[in-house]
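Structure file run-v1.cif; described as mmCIF, C-alpha atoms and all ligand atoms.
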data_my_file
#
loop_
_atom_site.label_atom_id
_atom_site.label_comp_id
_atom_site.auth_asym_id
_atom_site.auth_seq_id
_atom_site.Cartn_x
_atom_site.Cartn_y
_atom_site.Cartn_z
CA MET J 262 100.91 -56.53 41.16
CA SER J 263 103.86 -57.26 43.30
CA LYS J 264 104.68 -60.95 43.26
CA ARG J 265 104.69 -62.55 46.69
CA SER J 266 108.26 -62.06 47.83
CA PRO J 267 110.05 -64.57 50.03
CA PRO J 268 109.78 -63.91 53.77
CA THR J 269 112.23 -61.29 54.92
CA GLN J 270 113.02 -60.46 58.48
CA LEU J 271 113.10 -56.79 59.37
CA CYS J 272 113.81 -55.05 62.63
CA LEU J 273 110.80 -53.73 64.54
CA GLU J 274 111.77 -50.10 64.00
CA ASP J 275 111.85 -50.64 60.21
CA ILE J 276 108.58 -52.56 60.28
CA LEU J 277 106.84 -49.70 62.08
CA PHE J 278 108.35 -47.22 59.63
CA GLU J 279 107.22 -49.29 56.59
CA GLN J 280 103.72 -49.55 58.04
CA GLY J 281 103.43 -45.77 58.40
CA PHE J 282 103.85 -45.24 62.15
CA GLY J 283 106.20 -42.29 61.60
CA THR J 284 109.86 -41.53 61.03
CA ARG J 285 112.43 -44.14 62.08
CA ARG J 286 113.22 -41.97 65.08
CA ILE J 287 109.56 -41.85 66.17
CA CYS J 288 109.22 -45.61 65.59
CA SER J 289 112.33 -46.35 67.64
CA GLY J 290 110.96 -44.12 70.43
CA LEU J 291 107.58 -45.89 70.38
CA VAL J 292 109.33 -49.24 70.93
CA GLN J 293 111.77 -48.02 73.58
CA GLN J 294 108.98 -46.34 75.53
CA GLY J 295 107.05 -49.63 75.72
CA HIS J 296 104.21 -48.66 73.37
CA VAL J 297 104.60 -51.65 71.04
CA SER J 298 103.51 -55.26 71.54
CA VAL J 299 104.14 -58.06 69.06
CA ALA J 300 101.63 -60.93 69.13
CA GLY J 301 100.56 -59.77 72.59
CA GLU J 302 104.10 -59.47 74.09
CA ARG J 303 105.64 -56.06 74.79
CA VAL J 304 108.93 -55.62 72.88
CA SER J 305 111.30 -52.84 73.89
CA ASP J 306 114.20 -53.48 71.50
CA PRO J 307 113.75 -51.52 68.23
CA LEU J 308 116.27 -53.84 66.57
CA ALA J 309 114.45 -57.09 67.41
CA MET J 310 113.83 -58.99 64.14
CA PHE J 311 110.44 -60.21 62.86
CA GLU J 312 108.87 -61.38 59.61
CA LEU J 313 106.73 -58.47 58.43
CA ASP J 314 103.83 -60.04 56.52
CA GLY J 315 100.95 -60.89 58.83
CA LEU J 316 102.77 -59.72 61.98
CA VAL J 317 100.23 -58.62 64.59
CA LEU J 318 101.21 -55.46 66.44
CA ARG J 319 99.61 -53.27 69.04
CA VAL J 320 100.98 -49.74 68.87
CA GLN J 321 99.63 -47.58 71.66
CA ASP J 322 95.88 -48.24 71.32
CA LEU J 323 95.92 -49.44 67.73
CA ASP J 324 95.85 -53.12 66.72
CA TRP J 325 97.66 -53.59 63.44
CA VAL J 326 98.16 -56.54 61.08
CA CYS J 327 101.26 -55.73 59.02
CA GLN J 328 101.11 -55.98 55.22
CA ARG J 329 104.12 -55.44 52.98
CA VAL J 330 101.85 -54.09 50.23
CA ALA J 331 98.53 -52.42 51.06
CA TYR J 332 95.41 -53.85 49.40
CA ALA J 333 92.27 -52.71 51.17
CA VAL J 334 88.55 -52.26 50.64
CA MET J 335 86.44 -49.50 52.16
CA HIS J 336 82.68 -49.18 52.47
CA LYS J 337 82.49 -45.55 51.36
CA PRO J 338 79.76 -43.48 53.00
CA ALA J 339 78.00 -40.61 51.24
CA GLY J 340 79.37 -37.14 51.94
CA TYR J 341 83.06 -37.96 51.33
CA GLU J 342 85.18 -37.02 48.33
CA VAL J 343 87.59 -39.52 46.82
CA SER J 344 90.39 -36.99 46.75
CA GLN J 345 93.51 -36.11 48.71
CA LYS J 346 92.52 -32.48 48.29
CA PRO J 347 88.74 -32.39 48.78
CA LYS J 348 86.93 -29.20 47.83
CA HIS J 349 83.53 -29.34 49.56
CA HIS J 350 83.42 -32.39 51.82
CA ALA J 351 85.74 -34.49 53.93
CA SER J 352 88.17 -36.82 52.18
CA VAL J 353 87.66 -40.60 52.23
CA TYR J 354 91.31 -40.78 53.30
CA SER J 355 90.28 -39.16 56.61
CA LEU J 356 88.43 -42.43 57.37
CA LEU J 357 91.68 -44.42 57.28
CA PRO J 358 93.85 -44.93 60.37
CA TYR J 359 96.96 -42.75 60.42
CA PRO J 360 99.50 -45.49 59.51
CA LEU J 361 97.63 -46.19 56.24
CA ARG J 362 97.53 -42.48 55.42
CA GLN J 363 101.22 -41.93 56.04
CA ARG J 364 102.79 -45.15 54.72
CA PRO J 365 106.04 -44.26 52.91
CA SER J 366 105.42 -44.17 49.18
CA LYS J 367 106.60 -47.03 46.95
CA GLY J 368 106.26 -45.55 43.48
CA THR J 369 102.72 -44.34 44.17
CA GLN J 370 101.97 -41.40 46.42
CA GLY J 371 101.21 -43.67 49.34
CA VAL J 372 97.85 -45.39 49.56
CA GLN J 373 95.53 -44.36 46.70
CA ALA J 374 91.92 -45.08 45.84
CA VAL J 375 91.44 -47.23 42.74
CA GLY J 376 89.27 -45.02 40.54
CA ARG J 377 86.66 -42.69 41.94
CA LEU J 378 83.19 -42.71 43.37
CA ASP J 379 81.17 -39.49 43.44
CA GLU J 380 80.78 -37.71 46.76
CA ASP J 381 77.16 -38.91 47.05
CA THR J 382 77.88 -42.51 45.95
CA THR J 383 78.28 -45.18 48.62
CA GLY J 384 79.86 -48.61 48.47
CA LEU J 385 82.91 -50.55 47.49
CA LEU J 386 86.15 -48.60 47.08
CA LEU J 387 89.53 -50.30 46.64
CA LEU J 388 92.69 -48.74 48.05
CA SER J 389 96.29 -49.74 47.47
CA ASP J 390 99.89 -48.57 47.34
CA ASP J 391 100.71 -50.98 44.50
CA GLY J 392 100.95 -48.79 41.37
CA GLN J 393 100.57 -51.74 38.97
CA PHE J 394 97.45 -52.96 40.78
CA ILE J 395 95.89 -49.49 40.73
CA HIS J 396 96.65 -49.14 37.03
CA ARG J 397 95.33 -52.58 36.17
CA MET J 398 92.12 -52.22 38.19
CA SER J 399 91.42 -48.80 36.64
CA SER J 400 92.22 -49.82 33.07
CA PRO J 401 89.18 -50.30 30.82
CA LYS J 402 91.19 -53.12 29.11
CA HIS J 403 91.12 -55.20 32.29
CA HIS J 404 87.30 -55.34 32.32
CA VAL J 405 86.65 -55.76 36.03
CA PRO J 406 82.85 -55.86 36.27
CA LYS J 407 81.50 -53.26 38.68
CA VAL J 408 77.96 -53.76 39.99
CA TYR J 409 75.86 -50.73 40.94
CA GLU J 410 72.58 -50.59 42.81
CA VAL J 411 70.78 -47.61 41.33
CA ALA J 412 67.78 -46.01 43.04
CA LEU J 413 65.85 -44.14 40.34
CA VAL J 414 63.75 -40.99 40.59
CA HIS J 415 61.15 -42.37 38.12
CA ALA J 416 59.97 -45.94 37.53
CA MET J 417 61.94 -47.42 34.62
CA GLU J 418 60.32 -49.19 31.67
CA PRO J 419 61.86 -52.51 30.52
CA SER J 420 62.49 -50.81 27.14
CA ALA J 421 64.88 -48.37 28.87
CA VAL J 422 66.78 -51.32 30.37
CA GLN J 423 67.09 -52.78 26.83
CA ARG J 424 68.54 -49.45 25.63
CA LEU J 425 71.13 -49.49 28.44
CA LEU J 426 72.12 -53.01 27.36
CA ALA J 427 72.23 -52.07 23.66
CA GLY J 428 74.37 -48.96 24.35
CA VAL J 429 73.70 -45.27 24.75
CA VAL J 430 75.73 -42.31 23.48
CA LEU J 431 77.15 -39.99 26.13
CA ASP J 432 78.03 -36.37 25.47
CA ASP J 433 81.85 -36.78 25.44
CA ASP J 434 82.18 -39.72 23.04
CA PRO J 435 80.34 -40.73 19.85
CA GLN J 436 80.99 -44.43 20.66
CA PRO J 437 77.99 -45.86 22.52
CA VAL J 438 78.59 -47.36 25.97
CA ALA J 439 76.59 -50.41 27.00
CA ALA J 440 75.89 -52.00 30.36
CA ALA J 441 77.39 -55.49 30.67
CA ALA J 442 74.25 -56.43 32.61
CA ALA J 443 71.16 -54.52 33.69
CA ALA J 444 67.94 -55.63 35.33
CA LEU J 445 65.13 -54.07 37.32
CA VAL J 446 64.94 -55.33 40.91
CA ALA J 447 61.89 -53.06 41.38
CA PRO J 448 60.45 -50.30 39.14
CA THR J 449 62.75 -47.71 40.77
CA HIS J 450 65.68 -50.05 41.54
CA LEU J 451 68.05 -50.89 38.71
CA ARG J 452 71.01 -53.24 39.11
CA MET J 453 73.60 -52.46 36.47
CA THR J 454 77.06 -53.86 35.73
CA LEU J 455 79.67 -51.77 33.93
CA LEU J 456 83.10 -52.74 32.63
CA GLU J 457 84.40 -49.19 32.21
CA GLY J 458 84.63 -46.38 34.73
CA LYS J 459 83.88 -43.21 32.79
CA TYR J 460 83.18 -39.96 34.61
CA HIS J 461 79.66 -40.09 36.20
CA GLN J 462 78.99 -43.06 33.92
CA VAL J 463 75.97 -44.52 35.73
CA LYS J 464 74.31 -41.14 36.19
CA ARG J 465 74.91 -40.16 32.56
CA MET J 466 73.70 -43.50 31.17
CA VAL J 467 70.53 -43.30 33.27
CA ALA J 468 70.00 -39.69 32.13
CA ALA J 469 70.48 -40.82 28.51
CA VAL J 470 67.37 -43.02 28.84
CA GLY J 471 65.31 -40.18 30.35
CA ASN J 472 65.57 -41.01 34.06
CA ARG J 473 67.58 -39.76 37.03
CA VAL J 474 69.64 -41.38 39.77
CA ALA J 475 68.25 -40.76 43.27
CA SER J 476 71.09 -42.63 44.98
CA LEU J 477 73.92 -44.88 43.89
CA HIS J 478 75.74 -47.72 45.63
CA ARG J 479 78.58 -49.88 44.25
CA SER J 480 77.99 -53.35 45.66
CA GLN J 481 80.61 -55.45 43.87
CA MET J 482 83.85 -55.42 41.87
CA GLY J 483 84.70 -58.72 40.20
CA GLU J 484 83.76 -61.37 42.77
CA LEU J 485 84.49 -59.01 45.66
CA SER J 486 81.56 -57.61 47.62
CA LEU J 487 81.36 -55.67 50.87
CA GLY J 488 79.78 -58.45 52.93
CA ASP J 489 79.01 -57.10 56.37
CA LEU J 490 81.68 -54.37 56.34
CA PRO J 491 79.92 -51.39 57.97
CA GLU J 492 79.72 -48.01 56.24
CA GLY J 493 82.82 -45.91 56.87
CA GLU J 494 84.96 -48.97 57.72
CA TRP J 495 87.79 -50.63 55.82
CA ARG J 496 89.62 -53.97 55.93
CA TRP J 497 92.61 -55.61 54.26
CA LEU J 498 91.93 -57.80 51.24
CA THR J 499 92.99 -61.43 51.51
CA PRO J 500 95.62 -62.71 49.00
CA ASP J 501 92.84 -64.74 47.31
CA GLU J 502 90.71 -61.62 46.91
CA VAL J 503 93.67 -59.76 45.35
CA SER J 504 94.36 -62.59 42.89
CA GLY J 505 90.63 -62.86 42.11
CA LEU J 506 90.56 -59.18 41.17
CA THR J 507 93.71 -59.32 39.05
CA ARG J 508 93.05 -62.55 37.19
CA LYS J 509 92.83 -62.26 33.40
CA ARG J 510 89.31 -61.68 32.09
CA LYS J 511 87.95 -62.06 28.56
N1 LIG Y 1 78.94 -43.75 38.04
C1 LIG Y 1 78.51 -42.57 38.55
O1 LIG Y 1 77.75 -41.86 37.93
N2 LIG Y 1 78.98 -42.22 39.76
C2 LIG Y 1 79.81 -42.98 40.51
O2 LIG Y 1 80.18 -42.60 41.62
C3 LIG Y 1 80.22 -44.22 39.95
C4 LIG Y 1 79.77 -44.58 38.72
#

Is it possible to give me this structure as structure tokens?
Amino acid sequence: MSKRSPPTQLCLEDILFEQGFGTRRICSGLVQQGHVSVAGERVSDPLAMFELDGLVLRVQDLDWVCQRVAYAVMHKPAGYEVSQKPKHHASVYSLLPYPLRQRPSKGTQGVQAVGRLDEDTTGLLLLSDDGQFIHRMSSPKHHVPKVYEVALVHAMEPSAVQRLLAGVVLDDDPQPVAAAAAALVAPTHLRMTLLEGKYHQVKRMVAAVGNRVASLHRSQMGELSLGDLPEGEWRWLTPDEVSGLTRKRK
């Protein structure tokens, strides 16, 4: 995770470029043609200097709060693939505004999703262009608890919940995987917390106890939840939310 760097002033053209509004030439043109306001005031000098972090811009019709490093959360809808090259459905990246999609890369290939959710899974998806953050959040060693709301095809017996907690063997690994927490909210609604993020892990664990997932929603990662963020929308994470996610866990 990038340490908070001291404030640095940058010229408006460079700020727009860093934020993904296009090449330096395009960014300079946007300013000169009067398409950019800073904190509500139109600025027409591309070389005017500003502090980047937290700067509030309006670029054409888009309001934009500048962030040196991108840490964002999306409420993923069903029917979107978490892939830059989707095969059968639209990409989640198509739900992001164009500056986030075309931010210049800083060691990562621009803004990337942290881990994956299946095309039919909804819920909390982190996005960032901080390679260390992405690596840390995806690493099984970091143990970020991920909470899933699982709608089941068949009512689940409490004994099946006990098996999920004790550990079940999946087909690609002889080591059992166990839920960190699991409880029935209703006979066909399981709430399950996982520390790993293996391929189709929830669906395969539920199948291992003789049931099937009807629909799946990730409601929480660490202490972060979606709150009232509507489906298909995204927002920046606050610095406290980023440090909450990256703090050391046992
Ligand atoms: N487990 C699954 O099976 N699918 C997801 O999308 C996430 C976790």

J:Val317, J:Leu498, J:Met417, J:Leu378 ranked by distance to ligand LIG 1 (chain Y), top pick (using all atoms listed in the file) = J:Leu378

Could you tell me how far atom CA of Leu477 of chain J lies from atom CA of His403 of chain J, in Å and to one decimal?
-> 23.2 Å

Which residues, written as a PyMOL selection string, have at least one atom at most 10 Å from Arg473 of chain J, with only C-alpha atoms counted and residues fewer than 2 positions away on the same chain left out?
-> chain J and resi 411-417+463-471+475-476

Keeping C-alpha atoms for every residue in the selection just given, could you write it to a file as a JSON list (two decimals), in the frame of the given file?
[["chain", "number", "residue", "atom", "x", "y", "z"],
["J", 411, "VAL", "CA", 70.78, -47.61, 41.33],
["J", 412, "ALA", "CA", 67.78, -46.01, 43.04],
["J", 413, "LEU", "CA", 65.85, -44.14, 40.34],
["J", 414, "VAL", "CA", 63.75, -40.99, 40.59],
["J", 415, "HIS", "CA", 61.15, -42.37, 38.12],
["J", 416, "ALA", "CA", 59.97, -45.94, 37.53],
["J", 417, "MET", "CA", 61.94, -47.42, 34.62],
["J", 463, "VAL", "CA", 75.97, -44.52, 35.73],
["J", 464, "LYS", "CA", 74.31, -41.14, 36.19],
["J", 465, "ARG", "CA", 74.91, -40.16, 32.56],
["J", 466, "MET", "CA", 73.70, -43.50, 31.17],
["J", 467, "VAL", "CA", 70.53, -43.30, 33.27],
["J", 468, "ALA", "CA", 70.00, -39.69, 32.13],
["J", 469, "ALA", "CA", 70.48, -40.82, 28.51],
["J", 470, "VAL", "CA", 67.37, -43.02, 28.84],
["J", 471, "GLY", "CA", 65.31, -40.18, 30.35],
["J", 475, "ALA", "CA", 68.25, -40.76, 43.27],
["J", 476, "SER", "CA", 71.09, -42.63, 44.98]]

Cut-off 9 Å around (104.7, -44.8, 58.2) with all atoms listed in the file: residues as a PyMOL selection string = chain J and resi 276-285+288+359-365

Print the selection's residues with C-alpha atoms to a file, as an mmCIF file, in the coordinates of the input.
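Below is the file that was written, part11.cif:
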data_model
loop_
_atom_site.group_PDB
_atom_site.id
_atom_site.type_symbol
_atom_site.label_atom_id
_atom_site.label_comp_id
_atom_site.auth_asym_id
_atom_site.auth_seq_id
_atom_site.Cartn_x
_atom_site.Cartn_y
_atom_site.Cartn_z
ATOM 1 C CA ILE J 276 108.580 -52.560 60.280
ATOM 2 C CA LEU J 277 106.840 -49.700 62.080
ATOM 3 C CA PHE J 278 108.350 -47.220 59.630
ATOM 4 C CA GLU J 279 107.220 -49.290 56.590
ATOM 5 C CA GLN J 280 103.720 -49.550 58.040
ATOM 6 C CA GLY J 281 103.430 -45.770 58.400
ATOM 7 C CA PHE J 282 103.850 -45.240 62.150
ATOM 8 C CA GLY J 283 106.200 -42.290 61.600
ATOM 9 C CA THR J 284 109.860 -41.530 61.030
ATOM 10 C CA ARG J 285 112.430 -44.140 62.080
ATOM 11 C CA CYS J 288 109.220 -45.610 65.590
ATOM 12 C CA TYR J 359 96.960 -42.750 60.420
ATOM 13 C CA PRO J 360 99.500 -45.490 59.510
ATOM 14 C CA LEU J 361 97.630 -46.190 56.240
ATOM 15 C CA ARG J 362 97.530 -42.480 55.420
ATOM 16 C CA GLN J 363 101.220 -41.930 56.040
ATOM 17 C CA ARG J 364 102.790 -45.150 54.720
ATOM 18 C CA PRO J 365 106.040 -44.260 52.910
#

Contacts to ligand LIG 1 (chain Y) at 9 Å cut-off (all atoms listed in the file) as an MDAnalysis selection string | chainID J and resid 377:383 407 409 455 458:467 474 477:479

Output C-alpha atoms for every residue in the selection just made, as a CSV table (one decimal), keeping the file's coordinate frame.
chain,number,residue,atom,x,y,z
J,377,ARG,CA,86.7,-42.7,41.9
J,378,LEU,CA,83.2,-42.7,43.4
J,379,ASP,CA,81.2,-39.5,43.4
J,380,GLU,CA,80.8,-37.7,46.8
J,381,ASP,CA,77.2,-38.9,47.0
J,382,THR,CA,77.9,-42.5,46.0
J,383,THR,CA,78.3,-45.2,48.6
J,407,LYS,CA,81.5,-53.3,38.7
J,409,TYR,CA,75.9,-50.7,40.9
J,455,LEU,CA,79.7,-51.8,33.9
J,458,GLY,CA,84.6,-46.4,34.7
J,459,LYS,CA,83.9,-43.2,32.8
J,460,TYR,CA,83.2,-40.0,34.6
J,461,HIS,CA,79.7,-40.1,36.2
J,462,GLN,CA,79.0,-43.1,33.9
J,463,VAL,CA,76.0,-44.5,35.7
J,464,LYS,CA,74.3,-41.1,36.2
J,465,ARG,CA,74.9,-40.2,32.6
J,466,MET,CA,73.7,-43.5,31.2
J,467,VAL,CA,70.5,-43.3,33.3
J,474,VAL,CA,69.6,-41.4,39.8
J,477,LEU,CA,73.9,-44.9,43.9
J,478,HIS,CA,75.7,-47.7,45.6
J,479,ARG,CA,78.6,-49.9,44.2

Closest of J:Ser420, J:Thr449, J:Ser400, J:Gln481 to Thr507 of chain J - atom-to-atom distances counting all atoms listed in the file =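 Comparing J:Ser420, J:Thr449, J:Ser400, J:Gln481 against Thr507 of chain J, the winner is J:Ser400.
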
Quick one: pull the distance between atom CA of Ala331 of chain J and atom CA of Ser305 of chain J, Å, one decimal.
->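 Atom CA of Ala331 of chain J sits 26.2 Å away from atom CA of Ser305 of chain J.
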
Please identify all polymer residues within 8 Å of Gly384 of chain J, counting only C-alpha atoms, omitting same-chain residues fewer than 2 positions from it, and present them as a ChimeraX atom specification.
-> /J:335-338,382,386,478-480,487,492

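As for atom CA of Ala309 of chain J and atom CA of Thr269 of chain J, they are spaced 13.4 Å apart.
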
Quick one: axis-aligned box around all listed atoms of segment 279-292 of chain J, 3 Å on every side, centre and edge lengths in Å to one decimal, written as AutoDock Vina command-line options.
--center_x 108.3 --center_y -45.5 --center_z 63.8 --size_x 15.8 --size_y 14.0 --size_z 20.3

Cut-off 10 Å around (94.8, -61.0, 37.4) with all atoms listed in the file: residues as a ChimeraX atom specification = /J:262,394,397-398,403,405,503-510

Excluding Val299 of chain J and residues on its chain fewer than 4 positions from it, collect all residues at most 10 Å away from it, counting only C-alpha atoms, and give them as a count of residues only.
-> 11

Would you please work out which residue, of J:Gly371, J:Pro401, J:Gly315, J:Pro437, is nearest to Arg424 of chain J when using only C-alpha atoms?
->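 Going through J:Gly371, J:Pro401, J:Gly315, J:Pro437 one by one, the smallest distance to Arg424 of chain J is for J:Pro437.
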
For Leu426 of chain J, the closest of J:Lys402, J:Thr454, J:Val353, J:Cys272 counting only C-alpha atoms is J:Thr454
